[in-house]
$ cat query_23.cif   # mmCIF, C-alpha atoms (C1' of nucleotides)
data_upload
loop_
_atom_site.label_atom_id
_atom_site.label_comp_id
_atom_site.auth_asym_id
_atom_site.auth_seq_id
_atom_site.Cartn_x
_atom_site.Cartn_y
_atom_site.Cartn_z
CA MET A 1 -32.27 -44.55 52.15
CA PRO A 2 -32.97 -48.13 51.63
CA GLU A 3 -34.26 -49.49 48.39
CA LEU A 4 -32.53 -52.31 46.53
CA PRO A 5 -29.12 -50.63 45.97
CA GLU A 6 -28.93 -49.41 49.55
CA ALA A 7 -29.86 -52.88 50.84
CA GLU A 8 -27.08 -54.26 48.64
CA ALA A 9 -24.57 -51.80 50.10
CA ASN A 10 -25.59 -52.87 53.61
CA ARG A 11 -25.29 -56.53 52.67
CA ARG A 12 -21.71 -55.87 51.59
CA ARG A 13 -20.90 -54.51 55.04
CA ILE A 14 -21.80 -57.87 56.52
CA GLU A 15 -19.61 -59.59 53.95
CA ALA A 16 -16.74 -57.26 54.80
CA ASP A 17 -16.96 -57.14 58.58
CA ALA A 18 -19.19 -59.78 60.11
CA LEU A 19 -18.48 -63.07 58.37
CA ASN A 20 -17.15 -66.27 59.92
CA ARG A 21 -17.24 -65.15 63.53
CA THR A 22 -19.04 -67.08 66.24
CA ILE A 23 -22.15 -65.37 67.57
CA GLU A 24 -22.09 -65.08 71.34
CA GLY A 25 -25.27 -63.15 71.96
CA PHE A 26 -27.23 -60.00 71.26
CA TRP A 27 -27.22 -56.47 72.59
CA LEU A 28 -30.65 -54.88 72.92
CA GLY A 29 -31.37 -51.16 72.98
CA ASP A 30 -34.67 -49.29 72.82
CA THR A 31 -36.69 -51.89 70.98
CA GLU A 32 -40.16 -50.70 71.87
CA HIS A 33 -42.35 -51.00 68.75
CA VAL A 34 -39.44 -52.51 66.82
CA ASP A 35 -40.11 -55.90 65.28
CA ILE A 36 -37.14 -58.03 66.34
CA PRO A 37 -36.73 -61.72 67.22
CA GLY A 38 -37.59 -62.84 70.77
CA ASP A 39 -35.39 -64.73 73.23
CA ASN A 40 -35.98 -68.17 71.77
CA GLU A 41 -35.42 -67.06 68.20
CA ARG A 42 -32.21 -65.24 69.04
CA ALA A 43 -30.95 -68.26 70.97
CA ARG A 44 -31.09 -70.30 67.76
CA LEU A 45 -28.19 -68.25 66.41
CA VAL A 46 -25.91 -68.33 69.43
CA GLY A 47 -22.84 -70.48 68.80
CA ARG A 48 -23.31 -70.28 65.04
CA GLN A 49 -21.62 -68.15 62.38
CA ILE A 50 -22.71 -66.05 59.43
CA THR A 51 -20.95 -67.68 56.50
CA GLU A 52 -22.98 -66.28 53.62
CA THR A 53 -25.34 -63.43 52.78
CA ARG A 54 -28.03 -62.82 50.20
CA ARG A 55 -30.38 -60.08 49.18
CA HIS A 56 -33.79 -60.23 47.58
CA GLY A 57 -35.43 -56.92 46.80
CA LYS A 58 -34.95 -54.84 49.91
CA ILE A 59 -34.50 -57.79 52.26
CA ILE A 60 -31.04 -58.80 53.48
CA PHE A 61 -30.32 -62.36 54.60
CA ALA A 62 -27.36 -63.48 56.69
CA GLY A 63 -26.81 -67.08 57.73
CA SER A 64 -25.28 -70.38 56.78
CA LYS A 65 -26.20 -73.35 54.60
CA SER A 66 -27.98 -75.29 57.31
CA GLY A 67 -29.60 -72.16 58.77
CA PRO A 68 -31.11 -70.53 60.66
CA TRP A 69 -30.88 -67.13 58.99
CA LEU A 70 -31.25 -63.55 60.01
CA ALA A 71 -33.57 -61.57 57.71
CA VAL A 72 -33.45 -57.79 57.88
CA HIS A 73 -35.63 -55.12 56.32
CA LEU A 74 -34.26 -51.59 56.72
CA GLY A 75 -37.63 -49.85 56.61
CA MET A 76 -37.35 -46.16 55.88
CA THR A 77 -34.31 -45.24 57.91
CA GLY A 78 -32.51 -48.45 58.86
CA SER A 79 -28.92 -49.46 58.27
CA LEU A 80 -26.53 -52.21 59.32
CA ARG A 81 -23.42 -50.99 61.13
CA PRO A 82 -20.49 -53.19 62.01
CA TYR A 83 -18.62 -51.76 64.99
CA ASP A 84 -16.28 -52.82 67.78
CA GLY A 85 -16.84 -52.92 71.51
CA GLU A 86 -19.01 -50.11 72.73
CA GLU A 87 -18.63 -47.89 69.63
CA ARG A 88 -22.31 -48.33 69.04
CA PRO A 89 -24.00 -45.83 66.69
CA GLU A 90 -26.90 -43.82 68.07
CA TYR A 91 -30.34 -45.39 67.48
CA THR A 92 -28.93 -48.92 67.36
CA ARG A 93 -31.92 -51.09 68.26
CA ILE A 94 -30.28 -54.51 68.36
CA ALA A 95 -26.77 -55.80 67.69
CA VAL A 96 -25.28 -59.22 67.07
CA GLU A 97 -22.31 -59.77 69.38
CA PHE A 98 -19.54 -61.88 67.90
CA GLU A 99 -16.58 -63.48 69.62
CA GLY A 100 -13.94 -60.88 70.38
CA ASP A 101 -15.07 -57.28 70.10
CA ARG A 102 -16.94 -57.23 66.82
CA ARG A 103 -20.64 -56.37 66.65
CA LEU A 104 -23.17 -55.98 63.87
CA GLY A 105 -25.64 -53.25 64.79
CA PHE A 106 -29.06 -52.62 63.33
CA ARG A 107 -29.57 -48.87 63.50
CA ASP A 108 -33.13 -47.67 62.90
CA PRO A 109 -34.08 -44.19 64.12
CA ARG A 110 -37.70 -44.35 62.99
CA LYS A 111 -38.33 -47.96 63.90
CA PHE A 112 -39.97 -48.94 60.61
CA GLY A 113 -37.54 -51.75 59.91
CA TRP A 114 -37.57 -55.31 61.19
CA MET A 115 -35.34 -58.27 61.91
CA LYS A 116 -36.44 -61.90 62.00
CA VAL A 117 -34.90 -65.32 62.45
CA ILE A 118 -36.03 -67.63 59.64
CA ASP A 119 -35.26 -71.18 58.53
CA ASP A 120 -34.22 -70.30 55.00
CA PRO A 121 -34.62 -67.40 52.54
CA GLU A 122 -36.45 -69.30 49.78
CA THR A 123 -39.24 -70.51 52.03
CA TYR A 124 -39.60 -67.11 53.62
CA LEU A 125 -39.87 -65.32 50.27
CA ALA A 126 -42.45 -67.77 48.99
CA GLU A 127 -44.60 -67.64 52.11
CA ASP A 128 -44.47 -63.88 52.22
CA ARG A 129 -45.35 -63.63 48.50
CA VAL A 130 -42.41 -61.43 47.66
CA GLY A 131 -42.14 -60.82 43.93
CA PRO A 132 -39.09 -61.41 41.72
CA ASP A 133 -35.98 -59.36 42.53
CA ALA A 134 -35.64 -56.31 40.30
CA ARG A 135 -32.05 -57.33 39.41
CA GLN A 136 -33.02 -60.87 38.47
CA ILE A 137 -36.32 -60.53 36.67
CA GLY A 138 -36.14 -61.07 32.91
CA ARG A 139 -37.47 -58.82 30.17
CA ASP A 140 -40.49 -61.03 29.45
CA ALA A 141 -41.55 -61.39 33.06
CA PHE A 142 -41.18 -57.63 33.53
CA ARG A 143 -43.42 -56.97 30.52
CA GLU A 144 -46.02 -59.29 31.90
CA VAL A 145 -46.01 -58.00 35.47
CA ILE A 146 -45.87 -54.29 34.71
CA GLY A 147 -47.78 -54.38 31.43
CA GLY A 148 -50.53 -56.25 33.24
CA SER A 149 -51.00 -53.72 35.99
CA GLY A 150 -54.07 -51.52 35.98
CA GLY A 151 -53.20 -48.69 38.35
CA ALA A 152 -50.53 -46.01 38.25
CA LEU A 153 -47.26 -47.28 36.84
CA LYS A 154 -45.30 -45.88 39.76
CA SER A 155 -47.46 -47.83 42.23
CA ALA A 156 -46.95 -51.05 40.27
CA LEU A 157 -43.18 -50.56 40.18
CA MET A 158 -43.12 -50.08 43.95
CA ASN A 159 -45.38 -53.04 44.67
CA GLN A 160 -43.05 -55.58 46.30
CA GLY A 161 -45.35 -58.45 45.48
CA LYS A 162 -45.03 -57.71 41.75
CA LEU A 163 -41.41 -56.63 41.68
CA ALA A 164 -39.10 -56.51 44.68
CA GLY A 165 -36.58 -53.74 45.24
CA LEU A 166 -37.90 -50.42 43.95
CA GLY A 167 -39.12 -47.62 46.19
CA ASN A 168 -40.04 -43.99 45.76
CA LEU A 169 -36.67 -42.63 44.65
CA TRP A 170 -35.62 -45.18 42.04
CA SER A 171 -39.08 -45.71 40.58
CA ASP A 172 -39.14 -41.94 39.94
CA GLU A 173 -35.66 -42.14 38.44
CA MET A 174 -36.42 -44.89 35.93
CA LEU A 175 -39.67 -43.21 34.86
CA PHE A 176 -37.79 -39.94 34.39
CA GLN A 177 -35.06 -41.57 32.32
CA THR A 178 -37.61 -43.37 30.17
CA GLY A 179 -39.79 -40.32 29.73
CA VAL A 180 -42.99 -41.88 31.05
CA ALA A 181 -45.42 -40.23 33.47
CA PRO A 182 -45.70 -41.84 36.93
CA THR A 183 -49.47 -41.87 36.51
CA ALA A 184 -49.45 -43.75 33.19
CA LYS A 185 -51.16 -47.15 33.30
CA GLY A 186 -48.99 -50.19 32.75
CA SER A 187 -51.69 -51.77 30.63
CA ASP A 188 -51.63 -48.75 28.27
CA LEU A 189 -47.94 -49.11 27.41
CA ASP A 190 -46.68 -50.71 24.22
CA GLU A 191 -43.94 -53.33 24.28
CA GLU A 192 -41.30 -50.88 23.20
CA THR A 193 -41.98 -48.61 26.16
CA LEU A 194 -42.08 -51.54 28.60
CA ASP A 195 -38.70 -52.66 27.28
CA ALA A 196 -37.32 -49.14 27.62
CA LEU A 197 -38.50 -49.11 31.24
CA PHE A 198 -36.85 -52.45 31.84
CA ASP A 199 -33.58 -51.14 30.40
CA ALA A 200 -33.77 -47.97 32.48
CA MET A 201 -34.35 -50.06 35.60
CA GLY A 202 -31.20 -52.05 34.84
CA GLU A 203 -29.24 -48.88 34.20
CA VAL A 204 -30.43 -47.13 37.36
CA LEU A 205 -29.97 -50.07 39.72
CA GLY A 206 -26.73 -51.18 38.07
CA THR A 207 -25.18 -47.75 38.37
CA LEU A 208 -26.24 -47.37 41.99
CA ILE A 209 -24.83 -50.75 42.92
CA GLU A 210 -21.56 -49.87 41.17
CA VAL A 211 -21.12 -46.71 43.22
CA ASN A 212 -22.27 -48.51 46.37
CA ALA A 213 -25.30 -46.22 46.62
CA ASP A 214 -23.12 -43.12 47.00
CA TYR A 215 -25.39 -40.43 45.58
CA SER A 216 -22.58 -37.94 45.12
CA LYS A 217 -21.31 -40.14 42.30
CA LEU A 218 -24.49 -40.06 40.22
CA PRO A 219 -24.51 -38.51 36.73
CA SER A 220 -25.77 -34.92 36.71
CA ASP A 221 -28.45 -35.69 34.13
CA TRP A 222 -30.27 -37.98 36.55
CA LEU A 223 -33.39 -36.78 38.32
CA LYS A 224 -32.01 -37.49 41.80
CA PRO A 225 -29.39 -34.68 42.09
CA GLY A 226 -32.03 -32.00 41.50
CA ARG A 227 -35.11 -33.82 42.72
CA LYS A 228 -37.13 -30.88 43.95
CA GLU A 229 -40.13 -28.93 42.80
CA GLY A 230 -39.37 -26.10 40.39
CA ALA A 231 -35.87 -27.30 39.45
CA ASP A 232 -34.80 -27.22 35.80
CA CYS A 233 -35.01 -30.59 34.08
CA PRO A 234 -31.45 -31.77 33.32
CA ARG A 235 -32.61 -33.47 30.11
CA CYS A 236 -34.90 -30.95 28.42
CA GLY A 237 -36.24 -27.44 28.86
CA GLY A 238 -38.91 -28.58 31.30
CA THR A 239 -39.41 -28.07 35.00
CA ILE A 240 -39.49 -30.66 37.77
CA ALA A 241 -42.96 -31.01 39.23
CA LYS A 242 -44.27 -32.86 42.26
CA ARG A 243 -47.51 -34.65 43.04
CA LYS A 244 -48.86 -37.52 45.10
CA VAL A 245 -49.03 -40.82 43.29
CA GLY A 246 -50.04 -43.95 45.13
CA GLY A 247 -49.74 -42.14 48.43
CA ARG A 248 -46.16 -41.07 47.86
CA THR A 249 -44.54 -37.91 46.57
CA ALA A 250 -43.57 -38.35 42.94
CA PHE A 251 -41.16 -35.97 41.20
CA TYR A 252 -41.17 -35.85 37.41
CA CYS A 253 -40.47 -33.54 34.49
CA ASP A 254 -43.61 -31.71 33.39
CA SER A 255 -42.34 -31.65 29.83
CA HIS A 256 -40.58 -34.83 28.69
CA GLN A 257 -42.59 -37.18 30.92
CA GLY A 258 -45.73 -36.41 29.07
CA ALA A 259 -48.13 -35.57 31.88
"C1'" DA B 1 -42.86 -25.24 65.56
"C1'" DC B 2 -44.49 -27.78 62.28
"C1'" DA B 3 -44.36 -30.07 58.03
"C1'" DG B 4 -42.25 -33.72 55.59
"C1'" DT B 5 -40.44 -38.43 55.17
"C1'" DT B 6 -36.66 -42.99 51.40
"C1'" DG B 7 -41.37 -48.33 53.52
"C1'" DT B 8 -45.03 -51.74 54.70
"C1'" DT B 9 -49.57 -53.12 56.24
"C1'" DC B 10 -54.30 -53.04 56.63
"C1'" DG B 11 -59.25 -52.13 55.75
"C1'" DG B 12 -62.49 -51.19 52.50
"C1'" DA B 13 -64.10 -50.22 47.86
"C1'" DG B 14 -64.56 -51.79 43.28
"C1'" DA C 1 -60.79 -63.96 45.20
"C1'" DC C 2 -58.10 -60.28 43.49
"C1'" DT C 3 -56.60 -55.40 42.62
"C1'" DC C 4 -56.14 -50.84 43.91
"C1'" DC C 5 -56.15 -46.82 47.00
"C1'" DG C 6 -55.57 -44.14 51.04
"C1'" DA C 7 -54.64 -43.94 55.79
"C1'" DA C 8 -51.95 -45.33 59.61
"C1'" DC C 9 -47.80 -46.54 61.70
"C1'" DA C 10 -43.24 -43.97 64.96
"C1'" DA C 11 -40.04 -40.75 65.50
"C1'" DC C 12 -36.59 -38.16 63.60
"C1'" DT C 13 -34.81 -34.06 60.59
"C1'" DG C 14 -34.83 -29.53 58.50
#

$ encode --input "query_23.cif" --output "structure tokens"
Amino acid sequence: MPELPEAEANRRRIEADALNRTIEGFWLGDTEHVDIPGDNERARLVGRQITETRRHGKIIFAGSKSGPWLAVHLGMTGSLRPYDGEERPEYTRIAVEFEGDRRLGFRDPRKFGWMKVIDDPETYLAEDRVGPDARQIGRDAFREVIGGSGGALKSALMNQGKLAGLGNLWSDEMLFQTGVAPTAKGSDLDEETLDALFDAMGEVLGTLIEVNADYSKLPSDWLKPGRKEGADCPRCGGTIAKRKVGGRTAFYCDSHQGA
DNA sequence: ACAGTTGTTCGGAG
DNA sequence: ACTCCGAACAACTG
């Protein structure tokens, strides 16, 4: 379930199991409609090694100082799976084959993810107009970006050009913990509320990264464990409600989130 | 069987 | 030119 914390957990798998091994080639599965690098792009990586990784928002980068780099977006259902030999997980679309038996698979059942070969992360992020990473943005920049948005707050939080890393689940969570309605307008919020949102974002993402995105380890007073319509709110006497906001299903407390 | 889905992109309206 | 919204995308899961 890939938003920023899940992308971070996947990045760590590369660090743990796919670093400093020479790339010999690629395995290709059912890649129809999957956006992956072509022959010439893949060939740029053969003979090279992944020596470092990065993450910006939901995008994972794997490469080396002089490049080129692999950039991966997990889409809605993607994950990176190191494996050995032919122990390939189902729905693996493409896999990097390292010297020896090690492979790094890109599993993506619903084919909404992508993989590219790029020269370097900074240039890619600038050209693609990706906003500041949600873990790196400062309080002032957050106030400006979110406080300056005109539409539904939830939509602004999920807009990767404004702020990179939040999706449906964790935008709901930070709004829930702050007590603000998903439909509130950013431009209507006072500074105090914007700061509270910023703090909640840090708390939510920080906690998730700490537990390596293992949802079973989340506090019981979070929205996520009981994120379904009609559930009792774990923070007040309210009830969890559901509605479409910005084209996605938002869950929120009908009592302490004001609307 | 059929509805629902964690994300991005695109066209069109404002 | 920029912002915002809704629909579309593909294919699996419950």

$ closest_atom_pairs --input "query_23.cif" --of "chain C" --to "chain A" --cutoff "10 Å" --atoms "all atoms listed in the file" --output "Markdown table"
| residue | atom | partner | partner_atom | distance |
| --- | --- | --- | --- | --- |
| C:DT3 | C1' | A:Gly150 | CA | 8.1 |
| C:DC4 | C1' | A:Gly151 | CA | 6.6 |
| C:DC5 | C1' | A:Gly246 | CA | 7.0 |
| C:DG6 | C1' | A:Gly247 | CA | 6.7 |
| C:DA7 | C1' | A:Gly247 | CA | 9.0 |
| C:DC9 | C1' | A:Phe112 | CA | 8.3 |
| C:DA10 | C1' | A:Arg110 | CA | 5.9 |
| C:DA11 | C1' | A:Arg110 | CA | 5.0 |
| C:DC12 | C1' | A:Arg110 | CA | 6.3 |

$ write_last_selection --input "query_23.cif" --atoms "C-alpha atoms (C1' of nucleotides)" --output "CSV table (one decimal), in the frame of the given file"
chain,number,residue,atom,x,y,z
C,3,DT,C1',-56.6,-55.4,42.6
C,4,DC,C1',-56.1,-50.8,43.9
C,5,DC,C1',-56.2,-46.8,47.0
C,6,DG,C1',-55.6,-44.1,51.0
C,7,DA,C1',-54.6,-43.9,55.8
C,9,DC,C1',-47.8,-46.5,61.7
C,10,DA,C1',-43.2,-44.0,65.0
C,11,DA,C1',-40.0,-40.8,65.5
C,12,DC,C1',-36.6,-38.2,63.6

$ resolve_selection --input "query_23.cif" --expression "the PyMOL selection byres ((chain B) within 8 of (chain A))" --output "CSV table (one decimal) with C-alpha atoms (C1' of nucleotides), in the frame of the given file"
chain,number,residue,atom,x,y,z
B,6,DT,C1',-36.7,-43.0,51.4
B,7,DG,C1',-41.4,-48.3,53.5
B,8,DT,C1',-45.0,-51.7,54.7

$ atom_distance --input "query_23.cif" --atom1 "atom CA of Trp69 of chain A" --atom2 "atom CA of Met201 of chain A"
29.2 Å

$ axis_aligned_box --input "query_23.cif" --around "chain B" --padding-each-side "6 Å" --output "lines of an AutoDock Vina configuration file"
center_x = -50.6
center_y = -39.2
center_z = 54.4
size_x = 39.9
size_y = 39.9
size_z = 34.3

$ resolve_selection --input "query_23.cif" --expression "the PyMOL selection byres ((chain A and resi 39-44) around 9)" --output "list in words"
Gly25, Phe26, Pro37, Gly38, Leu45, Val46, Gly47, Arg48, Pro68, Lys116, Val117 and Ile118 of chain A

$ residues_near_point --input "query_23.cif" --point "(-27.6, -54.0, 60.9)" --cutoff "8 Å" --atoms "all atoms listed in the file" --output "list in words"
Asn10, Val72, Gly78, Ser79, Leu80, Arg81, Pro82, Ile94, Ala95, Leu104, Gly105, Phe106 and Arg107 of chain A

$ atom_distance --input "query_23.cif" --atom1 "atom CA of Ala71 of chain A" --atom2 "atom CA of Asp172 of chain A"
27.1 Å

$ atom_distance --input "query_23.cif" --atom1 "atom CA of Lys244 of chain A" --atom2 "atom CA of Ala196 of chain A"
24.0 Å

$ resolve_selection --input "query_23.cif" --expression "the PyMOL selection byres ((chain B and resi 2) around 12)" --output "VMD selection string"
(chain B and resid 1 3 to 4) or (chain C and resid 13 to 14)
